[in-house]
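Novice: Here it is: the structure, laid out below.
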Amino acid sequence: MKEFTFSEVQHHNKENDLWIVIDSKVYDLSKFANLHPGGVSVLLAKSVAGQDATNAFYGLHRQEVLSRPQYARLVMGRIQGEEETFKIPIPGTISKVPYAEATWLADGFHTPYFKENHRKFHKAIRTFFEEVVRPEALRCEESGKRISQEVVDKLSEMEIIAMRMGPGKHLQGRKLIGGIVQPEEFDYFHEYILNTEMARFGTRGFMDGMLNGAIISLPPVLKYAPVELYERVVPEVLSGKKYISLAITEAFAGSDVNGLQTTAIREGNYWIVNGTKKWITNGTFSDYFTVGCKTEKGLTVLLIERTDGVNTKAIKTAYSSAAGTAYVTFDNVRVPVANTLVQMDKGLSVILSNFNHERWAIICGALGAQRMIVEECMKWAAQRIVFGKPLSSQAVIRSKLAKMISRVEACQNWVESITDQMNHMSHEQVSDKLAGRIALLKQFVTKCGRETAEDATQVFGGRALTTTGMGKVVENYHRTSGYDSILGGTEDILRDLGVRQAMKKMPKEARL
Ligand SMILES: Cc1cc2nc3c(=O)[nH]c(=O)nc-3n(C[C@H](O)[C@H](O)[C@H](O)COP(=O)(O)OP(=O)(O)OC[C@H]3O[C@@H](n4cnc5c(N)ncnc54)[C@H](O)[C@@H]3O)c2cc1C
């Protein structure tokens, strides 16, 4: 890289060559086609160009702008004898911003839960996500296109699809993230890491598009599918060659799962399925659907393949269509009886117990996103100058930050404690002891997230309403944090469920 003295840069600027200095790096903007003095960028104003434009730049742009490929055509150099203060973080870096990371990742803090292996795993996942997945996430969130097969193949090479189903025998014989963690040591804290890290891209639609349909629909297949079905479907999905969705909700029944109207009527060795399903995540591109159907005496869960009579149509929502949200219709679909996942008419309890892992995964994602928003706000409050002082010098802004920090730390501690319980309980114990607690935790985390979205919007001002630039992460979060409060059970329903579960366990002799 070329070296310049500062006076050389200023001289060039007088010659109308337009050089600027951002954090000790020199950029020759005269090579930047279509820009002219006093033109499209504030940075090209005579009062800024040719001088140290660091503050002006960071007042306008996110740091990542400097490493965009389209700016590689600028001539870049360095000011002789000067060091950069703001280094672009290398993938996998732990943020030093206070409260930007959970305490177990912050310097000098302790944890009863996370071990050395979790740290190694975390580093590998954050690096992989930032290098391989983030660019794809940003592209797809904007274009609305589904995740590419190329990135899915990379996820499956690292066994990320398999790991996101949780610990279990489906991990046996797999080389998890190049062998960093052994299948038998993989626990819910490893899975927590996957879920929180993928929430850090600030791309909520893509996050669901990153095969969240499989996370909620494959577990019943793993647990209940007959051997032949298991051996055919599970390897295809875990290798990323086929896609699967959970299809429970209908226009007629969401919270009230018992009210489903999609019917499955037995005809010899087949079920004949008729009905519609609404808002099915990844449904636009799924090959399989785990479907709740009404049968003679209750609910039955079937694995339905995309065959004749199965149709999907994209539903437009407020987040990116990268999520593949679909309206699904079943029109006289013939489903082999061998595709019955759950013993006839026992479907309701399976659907309900499947919700625990789904809700916990949503909780982890919501927590990861909430923490990232705290980091965005801490940085912005320190760098934005208002009335001649940083935003953080305003007591009202500090008060908002205090509330955001308190919320995310409270959520963090509760999530870690529930995750630890999950590590020590069987599936049945989780259903019995944790369903109500997970429900209460989910409504708490999502409510906190929505309050933080409001506060963050005020901290960022107009930028929080802009889909590109400084406030784009807050904009995405503000627009989409409500999703977590609805998907997998609404806040009101979960509050009610949590207390009903607790009341069921009230000892008969309990009196004041
Ligand atoms: C983007 C998106 C993706 C989704 N992905 C999937 C998917 O992949 N698979 C799938 O099966 N479903 C999916 N869903 C559906 C989602 O799980 C439901 O939207 C959710 O369960 C709520 O159901 P509902 O929308 O029908 O609301 P309703 O059940 O109609 O409830 C409406 C409101 O009434 C309240 N309410 C309802 N009953 C009560 C009560 N008894 N007491 C008090 N308040 C009550 C609720 O809290 C809610 O606020 C998705 C939804 C969206 C928007």
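Order determines the names: the first chain of the structure tokens is A, the second B, and so forth; residues in each chain are numbered 1 upward, and ligands are numbered 1 upward as they are shown.
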Excluding Asp345 (chain A) and its own-chain neighbours fewer than 5 positions away, which residues fall within 7 Å of it when counting only C-alpha atoms? Please give them as an MDAnalysis selection string.
Specialist: chainID A and resid 295 297:300
Novice: Which residues come within 10 Å of region 189-194 of chain A, counting only C-alpha atoms, excluding same-chain residues fewer than 2 positions away, as a PyMOL selection string?
Specialist: chain A and resi 113-115+117-119+121-123+125-126+129+160+163-167+181+185-187+196-199+360-361+363-365+367-368+415-416+419-420+422-423
Novice: Would you put the residues from that selection into a file with C-alpha atoms, as a CSV table (one decimal), in the first residue's frame?
Specialist:
```
chain,number,residue,atom,x,y,z
A,113,TYR,CA,-22.3,-23.2,32.2
A,114,PHE,CA,-19.9,-22.6,29.3
A,115,LYS,CA,-16.8,-24.7,29.1
A,117,ASN,CA,-15.2,-26.5,24.2
A,118,HIS,CA,-18.1,-24.0,24.0
A,119,ARG,CA,-15.6,-21.2,23.5
A,121,PHE,CA,-17.1,-23.9,19.1
A,122,HIS,CA,-18.3,-20.3,19.4
A,123,LYS,CA,-15.1,-18.9,17.7
A,125,ILE,CA,-19.2,-20.6,14.4
A,126,ARG,CA,-18.8,-16.9,14.5
A,129,PHE,CA,-21.0,-17.3,9.9
A,160,ILE,CA,-24.9,-27.1,11.1
A,163,MET,CA,-26.7,-29.6,15.0
A,164,ARG,CA,-29.6,-27.2,14.9
A,165,MET,CA,-31.9,-30.2,15.7
A,166,GLY,CA,-30.3,-30.4,19.1
A,167,PRO,CA,-28.3,-33.1,20.8
A,181,VAL,CA,-17.0,-30.9,19.1
A,185,GLU,CA,-20.4,-33.7,23.9
A,186,PHE,CA,-22.7,-31.6,21.8
A,187,ASP,CA,-25.3,-30.0,24.2
A,196,THR,CA,-27.7,-16.6,19.0
A,197,GLU,CA,-25.0,-16.2,16.4
A,198,MET,CA,-27.2,-16.4,13.4
A,199,ALA,CA,-29.3,-13.6,14.8
A,360,TRP,CA,-36.5,-22.2,23.0
A,361,ALA,CA,-34.8,-21.8,19.6
A,363,ILE,CA,-35.9,-17.4,22.4
A,364,CYS,CA,-32.2,-17.8,21.7
A,365,GLY,CA,-32.5,-16.0,18.3
A,367,LEU,CA,-31.8,-12.9,22.6
A,368,GLY,CA,-28.9,-12.8,20.1
A,415,VAL,CA,-32.1,-18.3,29.1
A,416,GLU,CA,-28.8,-19.8,30.4
A,419,THR,CA,-30.8,-24.2,28.8
A,420,ASP,CA,-28.9,-25.8,31.7
A,422,MET,CA,-32.6,-28.8,29.3
A,423,ASN,CA,-29.1,-30.4,29.4
```
Novice: Skip region 134-149 of chain A itself and residues of its chain fewer than 5 positions away, then list as a list in words all residues within 9 Å of it, counting only C-alpha atoms.
Specialist: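 These residues fall inside the cut-off: Phe128, Phe129, Lys154, Met198, Arg200, Phe201, Gly202, Thr203, Arg204, Gly205, Phe206, Met207, Gly209, Met210, Leu211, Gly240, Lys241, Asn282, Phe285, Tyr319, Ser320, Ser321, Ala322, Ala323 and Gly324 of chain A.
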Novice: For the residues in that selection, give me C-alpha atoms as a PDB file, in the first residue's frame.
Specialist:
```pdb
ATOM      1  CA  PHE A 128     -17.829 -19.287   9.649  1.00  0.00           C
ATOM      2  CA  PHE A 129     -21.036 -17.267   9.885  1.00  0.00           C
ATOM      3  CA  LYS A 154     -21.535 -25.404   3.171  1.00  0.00           C
ATOM      4  CA  MET A 198     -27.214 -16.443  13.363  1.00  0.00           C
ATOM      5  CA  ARG A 200     -26.418 -11.208  14.524  1.00  0.00           C
ATOM      6  CA  PHE A 201     -26.727 -10.475  10.811  1.00  0.00           C
ATOM      7  CA  GLY A 202     -29.660  -8.105  11.367  1.00  0.00           C
ATOM      8  CA  THR A 203     -31.614  -9.972   8.676  1.00  0.00           C
ATOM      9  CA  ARG A 204     -34.693 -11.483  10.369  1.00  0.00           C
ATOM     10  CA  GLY A 205     -36.358 -12.782   7.186  1.00  0.00           C
ATOM     11  CA  PHE A 206     -33.206 -14.554   6.029  1.00  0.00           C
ATOM     12  CA  MET A 207     -32.809 -16.021   9.494  1.00  0.00           C
ATOM     13  CA  GLY A 209     -35.015 -18.692   5.510  1.00  0.00           C
ATOM     14  CA  MET A 210     -31.865 -20.326   6.885  1.00  0.00           C
ATOM     15  CA  LEU A 211     -33.903 -23.534   7.209  1.00  0.00           C
ATOM     16  CA  GLY A 240     -29.339 -29.993   2.637  1.00  0.00           C
ATOM     17  CA  LYS A 241     -30.513 -31.803  -0.486  1.00  0.00           C
ATOM     18  CA  ASN A 282     -39.779 -22.257   3.999  1.00  0.00           C
ATOM     19  CA  PHE A 285     -39.321 -24.322  -1.461  1.00  0.00           C
ATOM     20  CA  TYR A 319     -40.051  -9.278   6.512  1.00  0.00           C
ATOM     21  CA  SER A 320     -37.999 -10.542   3.592  1.00  0.00           C
ATOM     22  CA  SER A 321     -39.482 -13.233   1.380  1.00  0.00           C
ATOM     23  CA  ALA A 322     -36.112 -14.983   1.824  1.00  0.00           C
ATOM     24  CA  ALA A 323     -38.054 -16.754   4.616  1.00  0.00           C
ATOM     25  CA  GLY A 324     -40.143 -18.554   1.978  1.00  0.00           C
TER      26      GLY A 324
END
```
Novice: Which is closest to ligand 1 among A:Thr249, A:Asn269, A:Ser406, A:Ser95, if we use only C-alpha atoms and all ligand atoms?
Specialist: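 Result for the nearest residue to ligand 1: A:Thr249.
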Novice: Hey, which residues come within 7 Å of ligand 1 if we count only C-alpha atoms and all ligand atoms? Could you give them as a VMD selection string?
Specialist: chain A and resid 213 245 to 251 253 to 256 278 to 281 317 325 483 486 to 493
Novice: Would you give me, as a PyMOL selection string, the residues in region 182-282 of chain A that DSSP reads as strand (DSSP E)?
Specialist: chain A and resi 244-247+263-267+270-280
Novice: Could you give me, as a list in words, the residues within 12 Å of Pro89 (chain A), counting only C-alpha atoms and dropping anything in the same chain fewer than 6 positions from it?
Specialist: Gln63, Glu64, Leu66, Ser67, Ser95, Lys96, Thr127, Glu130 and Glu131 of chain A
Novice: Can you tell me which residues surround Val234 (chain A) at a distance of at most 10 Å, considering only C-alpha atoms, apart from same-chain residues fewer than 2 positions away, and format the answer as a list of chain:residue names?
Specialist: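 Counting only the stated atoms, we get A:Ala162, A:His170, A:Leu218, A:Pro219, A:Val221, A:Leu222, A:Ala225, A:Leu229, A:Tyr230, A:Glu231, A:Arg232, A:Glu236, A:Val237, A:Leu238, A:Ser239, A:Gly240, A:Lys242.
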Novice: Could the residues in this selection be written to a file with N, CA and C atoms, as a CSV table (one decimal), in the first residue's frame?
Specialist:
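Output saved as out00.csv:
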```csv
chain,number,residue,atom,x,y,z
A,162,ALA,N,-27.7,-30.4,11.0
A,162,ALA,CA,-27.9,-31.5,12.0
A,162,ALA,C,-27.8,-31.0,13.4
A,170,HIS,N,-29.1,-38.5,16.1
A,170,HIS,CA,-28.9,-38.1,14.7
A,170,HIS,C,-27.5,-37.5,14.4
A,218,LEU,N,-38.5,-31.2,11.5
A,218,LEU,CA,-37.8,-32.5,11.4
A,218,LEU,C,-37.8,-33.2,12.8
A,219,PRO,N,-37.8,-32.5,13.9
A,219,PRO,CA,-37.8,-33.3,15.2
A,219,PRO,C,-38.9,-34.4,15.3
A,221,VAL,N,-40.0,-36.1,13.0
A,221,VAL,CA,-39.6,-37.2,12.1
A,221,VAL,C,-38.5,-38.0,12.8
A,222,LEU,N,-37.6,-37.2,13.4
A,222,LEU,CA,-36.4,-37.9,14.1
A,222,LEU,C,-37.0,-38.8,15.2
A,225,ALA,N,-40.7,-41.2,13.2
A,225,ALA,CA,-40.9,-41.8,11.8
A,225,ALA,C,-40.5,-43.3,11.9
A,229,LEU,N,-39.0,-44.6,6.6
A,229,LEU,CA,-39.2,-43.2,6.3
A,229,LEU,C,-38.0,-42.4,6.8
A,230,TYR,N,-37.6,-42.7,8.1
A,230,TYR,CA,-36.5,-42.1,8.7
A,230,TYR,C,-35.2,-42.1,7.8
A,231,GLU,N,-34.9,-43.4,7.4
A,231,GLU,CA,-33.7,-43.6,6.7
A,231,GLU,C,-33.7,-42.9,5.3
A,232,ARG,N,-34.8,-42.6,4.8
A,232,ARG,CA,-34.9,-41.9,3.5
A,232,ARG,C,-34.9,-40.4,3.7
A,236,GLU,N,-31.5,-36.9,3.7
A,236,GLU,CA,-31.7,-35.9,2.6
A,236,GLU,C,-31.8,-34.5,3.2
A,237,VAL,N,-32.5,-34.4,4.3
A,237,VAL,CA,-32.7,-33.1,4.9
A,237,VAL,C,-31.4,-32.6,5.6
A,238,LEU,N,-30.8,-33.5,6.3
A,238,LEU,CA,-29.6,-33.0,7.1
A,238,LEU,C,-28.4,-32.7,6.1
A,239,SER,N,-28.5,-33.3,4.9
A,239,SER,CA,-27.4,-33.0,3.9
A,239,SER,C,-27.8,-31.8,3.1
A,240,GLY,N,-28.9,-31.2,3.4
A,240,GLY,CA,-29.3,-30.0,2.6
A,240,GLY,C,-29.8,-30.3,1.2
A,242,LYS,N,-32.7,-31.8,0.5
A,242,LYS,CA,-34.2,-31.6,0.5
A,242,LYS,C,-34.6,-30.7,1.6
```
Novice: How would you write, as a PDB file with C-alpha atoms, in the first residue's frame, the set of residues in region 47-218 of chain A that DSSP gives as alpha helix (DSSP H)?
Specialist:
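Once written, out-v2.pdb looks like this:
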```
ATOM      1  CA  THR A  54     -12.862  10.325  10.050  1.00  0.00           C
ATOM      2  CA  ASN A  55     -15.635  11.910  12.087  1.00  0.00           C
ATOM      3  CA  ALA A  56     -17.578  13.034   9.041  1.00  0.00           C
ATOM      4  CA  PHE A  57     -17.312   9.518   7.585  1.00  0.00           C
ATOM      5  CA  TYR A  58     -18.444   7.695  10.714  1.00  0.00           C
ATOM      6  CA  GLY A  59     -21.279  10.175  11.062  1.00  0.00           C
ATOM      7  CA  LEU A  60     -22.584   8.994   7.710  1.00  0.00           C
ATOM      8  CA  GLU A 116     -13.616 -24.415  26.989  1.00  0.00           C
ATOM      9  CA  ASN A 117     -15.208 -26.487  24.215  1.00  0.00           C
ATOM     10  CA  HIS A 118     -18.100 -24.030  23.960  1.00  0.00           C
ATOM     11  CA  ARG A 119     -15.606 -21.185  23.487  1.00  0.00           C
ATOM     12  CA  LYS A 120     -13.780 -23.014  20.687  1.00  0.00           C
ATOM     13  CA  PHE A 121     -17.102 -23.873  19.110  1.00  0.00           C
ATOM     14  CA  HIS A 122     -18.262 -20.265  19.401  1.00  0.00           C
ATOM     15  CA  LYS A 123     -15.137 -18.918  17.715  1.00  0.00           C
ATOM     16  CA  ALA A 124     -15.456 -21.370  14.829  1.00  0.00           C
ATOM     17  CA  ILE A 125     -19.163 -20.645  14.354  1.00  0.00           C
ATOM     18  CA  ARG A 126     -18.828 -16.859  14.515  1.00  0.00           C
ATOM     19  CA  THR A 127     -15.966 -16.956  12.017  1.00  0.00           C
ATOM     20  CA  PHE A 128     -17.829 -19.287   9.649  1.00  0.00           C
ATOM     21  CA  ARG A 134     -23.345 -13.003   6.448  1.00  0.00           C
ATOM     22  CA  PRO A 135     -22.716 -11.921   2.814  1.00  0.00           C
ATOM     23  CA  GLU A 136     -25.461 -14.334   1.707  1.00  0.00           C
ATOM     24  CA  ALA A 137     -27.788 -13.087   4.479  1.00  0.00           C
ATOM     25  CA  LEU A 138     -27.406  -9.457   3.371  1.00  0.00           C
ATOM     26  CA  ARG A 139     -27.928 -10.368  -0.297  1.00  0.00           C
ATOM     27  CA  CYS A 140     -31.016 -12.524   0.286  1.00  0.00           C
ATOM     28  CA  GLU A 141     -32.650 -10.182   2.822  1.00  0.00           C
ATOM     29  CA  GLU A 142     -32.575  -7.453   0.205  1.00  0.00           C
ATOM     30  CA  SER A 143     -33.411  -9.487  -2.901  1.00  0.00           C
ATOM     31  CA  GLN A 149     -27.835 -24.246  -2.558  1.00  0.00           C
ATOM     32  CA  GLU A 150     -24.129 -23.377  -2.427  1.00  0.00           C
ATOM     33  CA  VAL A 151     -24.436 -21.927   1.091  1.00  0.00           C
ATOM     34  CA  VAL A 152     -26.781 -24.729   2.206  1.00  0.00           C
ATOM     35  CA  ASP A 153     -24.119 -27.218   1.049  1.00  0.00           C
ATOM     36  CA  LYS A 154     -21.535 -25.404   3.171  1.00  0.00           C
ATOM     37  CA  LEU A 155     -23.880 -25.458   6.190  1.00  0.00           C
ATOM     38  CA  SER A 156     -24.356 -29.174   5.777  1.00  0.00           C
ATOM     39  CA  GLU A 157     -20.611 -29.773   5.283  1.00  0.00           C
ATOM     40  CA  ILE A 160     -24.869 -27.106  11.055  1.00  0.00           C
ATOM     41  CA  ILE A 161     -28.266 -28.349   9.849  1.00  0.00           C
ATOM     42  CA  ALA A 162     -27.896 -31.499  11.959  1.00  0.00           C
ATOM     43  CA  MET A 163     -26.657 -29.592  15.020  1.00  0.00           C
ATOM     44  CA  TYR A 188     -27.921 -27.326  24.264  1.00  0.00           C
ATOM     45  CA  PHE A 189     -25.303 -24.643  24.970  1.00  0.00           C
ATOM     46  CA  HIS A 190     -23.662 -25.481  21.635  1.00  0.00           C
ATOM     47  CA  GLU A 191     -27.062 -25.195  19.990  1.00  0.00           C
ATOM     48  CA  TYR A 192     -27.698 -21.930  21.865  1.00  0.00           C
ATOM     49  CA  ILE A 193     -24.490 -20.603  20.262  1.00  0.00           C
ATOM     50  CA  LEU A 194     -25.733 -21.483  16.769  1.00  0.00           C
ATOM     51  CA  ASN A 195     -29.084 -19.789  17.370  1.00  0.00           C
ATOM     52  CA  THR A 196     -27.739 -16.608  18.956  1.00  0.00           C
ATOM     53  CA  GLU A 197     -24.956 -16.164  16.406  1.00  0.00           C
ATOM     54  CA  ARG A 204     -34.693 -11.483  10.369  1.00  0.00           C
ATOM     55  CA  GLY A 205     -36.358 -12.782   7.186  1.00  0.00           C
ATOM     56  CA  PHE A 206     -33.206 -14.554   6.029  1.00  0.00           C
ATOM     57  CA  MET A 207     -32.809 -16.021   9.494  1.00  0.00           C
ATOM     58  CA  ASP A 208     -36.091 -17.915   9.058  1.00  0.00           C
ATOM     59  CA  GLY A 209     -35.015 -18.692   5.510  1.00  0.00           C
ATOM     60  CA  ASN A 212     -35.843 -22.637  10.342  1.00  0.00           C
ATOM     61  CA  GLY A 213     -38.677 -24.663   8.806  1.00  0.00           C
ATOM     62  CA  ALA A 214     -36.560 -27.778   9.250  1.00  0.00           C
ATOM     63  CA  ILE A 215     -35.732 -26.932  12.860  1.00  0.00           C
ATOM     64  CA  ILE A 216     -39.405 -27.079  13.776  1.00  0.00           C
ATOM     65  CA  SER A 217     -40.557 -29.871  11.452  1.00  0.00           C
ATOM     66  CA  LEU A 218     -37.797 -32.490  11.439  1.00  0.00           C
TER      67      LEU A 218
END
```
Novice: Using only C-alpha atoms, pick whichever of A:Gln458, A:Ser393, A:Gln429, A:Gln370 has the shortest atom-to-atom distance to Tyr477 (chain A).
Specialist: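 Using only C-alpha atoms, the shortest distance to Tyr477 (chain A) belongs to A:Gln370.
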